[in-house]
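Worksheet for the structure shown next.
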Amino acid sequence: MNKRQTGSEWEQKAADYLARNGMCIRERNFRNRQGEIDIIGTHDGYLVFAEVKYRSSPFMGHAAEAVDFRKQKQICRVADYYRLRNGYSDSTPVRYDVLAIEGEQIRWIQNAFPHVYSGGYR
């Protein structure tokens with residue numbers, strides 16, 4: 001199985017995990033020219049933008065560490081576009097989550113990072 005297939009498989013498992021734990025999934029793999037967000041949903045009154053990171057072993061580093069500042073900025077830029085395109089106001093509560101998957105273990109990190117302002121769409 002190649003990396004793309006493996007990633008898609010784990011994104012599906014992550015989406016299933018989120019749904020079982022109360023998230024209403026709105027979209028998956030939302031893309032624009034700025035980048036991609038793996039999962040968009042609503043949970044506990046928040047519009048949630050979730051990044052899925054998978055590592056088969058700790059030798060490749062921890063999954064959550066892969067969501068560095070550059071990736072956070074990219075996710076926030078795409079999230080701003082999504083909110084603008086879909087009519088969400090600036091007062092809509094937003095949360096950025098990470099699903100860190102290591103081996104078979106899924107760890108849902110809610111509110112993993114704050115919004116990173118990039119001077120983008122808002």
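Naming works like this for the structure tokens: A, B, ... for the chains as they're shown, residue 1 at the start of each chain, ligands 1 onward in shown order.
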
(request) Show which residues sit within 12 Å of A:Ala50, as a ChimeraX atom specification. Count only C-alpha atoms, and ignore same-chain residues fewer than 6 positions away. (result) /A:11,14-15,18,23,25-30,36-43,64,67,71-72,75-76,78-79,94-100,108-113

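Counting only C-alpha atoms, stretch 87-91 of chain A has the following residues at most 10 Å away, ignoring those fewer than 4 positions along the same chain: A:Leu47, A:Asp80, A:Tyr81, A:Tyr82, A:Arg83, A:Arg122.
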
(message) Which residue is closest to A:Arg33? Choose from A:Tyr54, A:Arg107, A:Tyr117, A:Arg77 and count only C-alpha atoms.
(response) A:Arg77

(request) Return as number ranges by chain the full set of residues in chain A whose backbone-based DSSP assignment is strand (DSSP E). (result) A: 24-32, 35-43, 46-55, 94-102, 105-109

(request) Could you tell me which of A:Val116, A:Lys73, A:Gly22, A:Gly103 comes closest to A:Gly45 if we count only C-alpha atoms? (result) A:Gly22

(message) One number please: atom CA of A:Pro93 to atom CA of A:Arg31, in Å, one decimal.
(response) 21.2 Å

(request) Can you list, as number ranges by chain, all residues belonging to stretch 1-108 of chain A that DSSP tags as alpha helix (DSSP H)? (result) A: 3-20, 69-85

Okay, now the selection with N, CA, C and O atoms, as a short mmCIF file (atom, residue, chain, number, x, y, z; two decimals), in the first residue's frame?
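Output file out.cif is given in full below:
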data_model
loop_
_atom_site.label_atom_id
_atom_site.label_comp_id
_atom_site.auth_asym_id
_atom_site.auth_seq_id
_atom_site.Cartn_x
_atom_site.Cartn_y
_atom_site.Cartn_z
N LYS A 3 1.73 5.52 0.32
CA LYS A 3 1.46 6.50 1.38
C LYS A 3 0.08 7.13 1.26
O LYS A 3 -0.59 7.37 2.26
N ARG A 4 -0.34 7.41 0.05
CA ARG A 4 -1.65 8.04 -0.16
C ARG A 4 -2.78 7.11 0.30
O ARG A 4 -3.72 7.53 0.96
N GLN A 5 -2.68 5.84 -0.08
CA GLN A 5 -3.70 4.86 0.33
C GLN A 5 -3.72 4.70 1.85
O GLN A 5 -4.78 4.64 2.46
N THR A 6 -2.53 4.62 2.44
CA THR A 6 -2.43 4.50 3.90
C THR A 6 -3.05 5.71 4.57
O THR A 6 -3.82 5.59 5.52
N GLY A 7 -2.73 6.91 4.06
CA GLY A 7 -3.29 8.14 4.62
C GLY A 7 -4.80 8.17 4.52
O GLY A 7 -5.50 8.53 5.48
N SER A 8 -5.33 7.77 3.37
CA SER A 8 -6.79 7.75 3.19
C SER A 8 -7.45 6.76 4.14
O SER A 8 -8.51 7.05 4.71
N GLU A 9 -6.82 5.62 4.33
CA GLU A 9 -7.37 4.62 5.24
C GLU A 9 -7.42 5.15 6.68
O GLU A 9 -8.44 5.00 7.37
N TRP A 10 -6.36 5.81 7.12
CA TRP A 10 -6.33 6.34 8.48
C TRP A 10 -7.23 7.56 8.64
O TRP A 10 -7.80 7.78 9.71
N GLU A 11 -7.38 8.36 7.59
CA GLU A 11 -8.33 9.47 7.65
C GLU A 11 -9.75 8.94 7.82
O GLU A 11 -10.55 9.53 8.55
N GLN A 12 -10.09 7.84 7.14
CA GLN A 12 -11.41 7.23 7.30
C GLN A 12 -11.60 6.73 8.73
O GLN A 12 -12.64 6.94 9.34
N LYS A 13 -10.59 6.07 9.27
CA LYS A 13 -10.67 5.58 10.65
C LYS A 13 -10.81 6.75 11.63
O LYS A 13 -11.57 6.67 12.60
N ALA A 14 -10.10 7.85 11.36
CA ALA A 14 -10.20 9.04 12.21
C ALA A 14 -11.60 9.64 12.14
O ALA A 14 -12.17 10.02 13.17
N ALA A 15 -12.16 9.73 10.94
CA ALA A 15 -13.51 10.28 10.78
C ALA A 15 -14.53 9.40 11.50
O ALA A 15 -15.44 9.91 12.18
N ASP A 16 -14.39 8.10 11.39
CA ASP A 16 -15.28 7.18 12.10
C ASP A 16 -15.15 7.36 13.62
O ASP A 16 -16.15 7.38 14.34
N TYR A 17 -13.94 7.51 14.10
CA TYR A 17 -13.67 7.71 15.52
C TYR A 17 -14.34 9.00 16.00
O TYR A 17 -15.00 9.03 17.04
N LEU A 18 -14.18 10.08 15.23
CA LEU A 18 -14.79 11.36 15.60
C LEU A 18 -16.31 11.25 15.64
O LEU A 18 -16.95 11.75 16.56
N ALA A 19 -16.88 10.60 14.64
CA ALA A 19 -18.34 10.45 14.58
C ALA A 19 -18.86 9.65 15.77
O ALA A 19 -19.87 10.02 16.38
N ARG A 20 -18.14 8.59 16.13
CA ARG A 20 -18.54 7.79 17.30
C ARG A 20 -18.45 8.59 18.60
O ARG A 20 -19.12 8.28 19.57
N PHE A 69 4.25 24.94 13.03
CA PHE A 69 3.69 26.27 12.84
C PHE A 69 3.32 26.53 11.38
O PHE A 69 2.27 27.11 11.09
N ARG A 70 4.16 26.10 10.45
CA ARG A 70 3.87 26.30 9.02
C ARG A 70 2.56 25.60 8.64
O ARG A 70 1.72 26.17 7.96
N LYS A 71 2.38 24.36 9.12
CA LYS A 71 1.16 23.60 8.82
C LYS A 71 -0.04 24.24 9.49
O LYS A 71 -1.12 24.33 8.89
N GLN A 72 0.12 24.73 10.71
CA GLN A 72 -0.97 25.40 11.42
C GLN A 72 -1.42 26.64 10.64
O GLN A 72 -2.63 26.87 10.47
N LYS A 73 -0.47 27.41 10.16
CA LYS A 73 -0.78 28.62 9.39
C LYS A 73 -1.55 28.27 8.12
O LYS A 73 -2.54 28.92 7.77
N GLN A 74 -1.13 27.20 7.46
CA GLN A 74 -1.80 26.75 6.23
C GLN A 74 -3.23 26.30 6.54
O GLN A 74 -4.18 26.66 5.83
N ILE A 75 -3.42 25.52 7.60
CA ILE A 75 -4.75 25.06 7.98
C ILE A 75 -5.65 26.25 8.28
O ILE A 75 -6.80 26.30 7.83
N CYS A 76 -5.14 27.23 9.01
CA CYS A 76 -5.94 28.41 9.36
C CYS A 76 -6.32 29.22 8.13
O CYS A 76 -7.45 29.73 8.03
N ARG A 77 -5.43 29.32 7.18
CA ARG A 77 -5.72 30.05 5.94
C ARG A 77 -6.84 29.36 5.17
O ARG A 77 -7.78 30.00 4.70
N VAL A 78 -6.79 28.04 5.06
CA VAL A 78 -7.83 27.28 4.37
C VAL A 78 -9.14 27.36 5.16
O VAL A 78 -10.22 27.50 4.58
N ALA A 79 -9.06 27.31 6.48
CA ALA A 79 -10.25 27.42 7.33
C ALA A 79 -10.92 28.78 7.15
O ALA A 79 -12.16 28.86 7.08
N ASP A 80 -10.13 29.85 7.06
CA ASP A 80 -10.70 31.18 6.82
C ASP A 80 -11.47 31.20 5.51
O ASP A 80 -12.57 31.75 5.42
N TYR A 81 -10.89 30.61 4.47
CA TYR A 81 -11.57 30.55 3.18
C TYR A 81 -12.86 29.74 3.28
O TYR A 81 -13.90 30.15 2.76
N TYR A 82 -12.80 28.60 3.96
CA TYR A 82 -13.99 27.76 4.13
C TYR A 82 -15.10 28.53 4.83
O TYR A 82 -16.26 28.50 4.41
N ARG A 83 -14.75 29.24 5.90
CA ARG A 83 -15.74 30.01 6.65
C ARG A 83 -16.34 31.11 5.78
O ARG A 83 -17.56 31.32 5.79
N LEU A 84 -15.52 31.80 5.03
CA LEU A 84 -16.00 32.87 4.16
C LEU A 84 -16.91 32.30 3.07
O LEU A 84 -18.01 32.80 2.84
N ARG A 85 -16.48 31.23 2.44
CA ARG A 85 -17.24 30.61 1.34
C ARG A 85 -18.59 30.07 1.81
O ARG A 85 -19.56 30.06 1.07
#

(request) Quick one: pull the distance between atom CA of A:Gln105 and atom CA of A:Glu65, Å, one decimal. (result) 15.6 Å

(request) In Å, rounded to a single decimal, give me how far atom CA of A:Arg55 is from atom CA of A:Glu102. (result) 4.9 Å
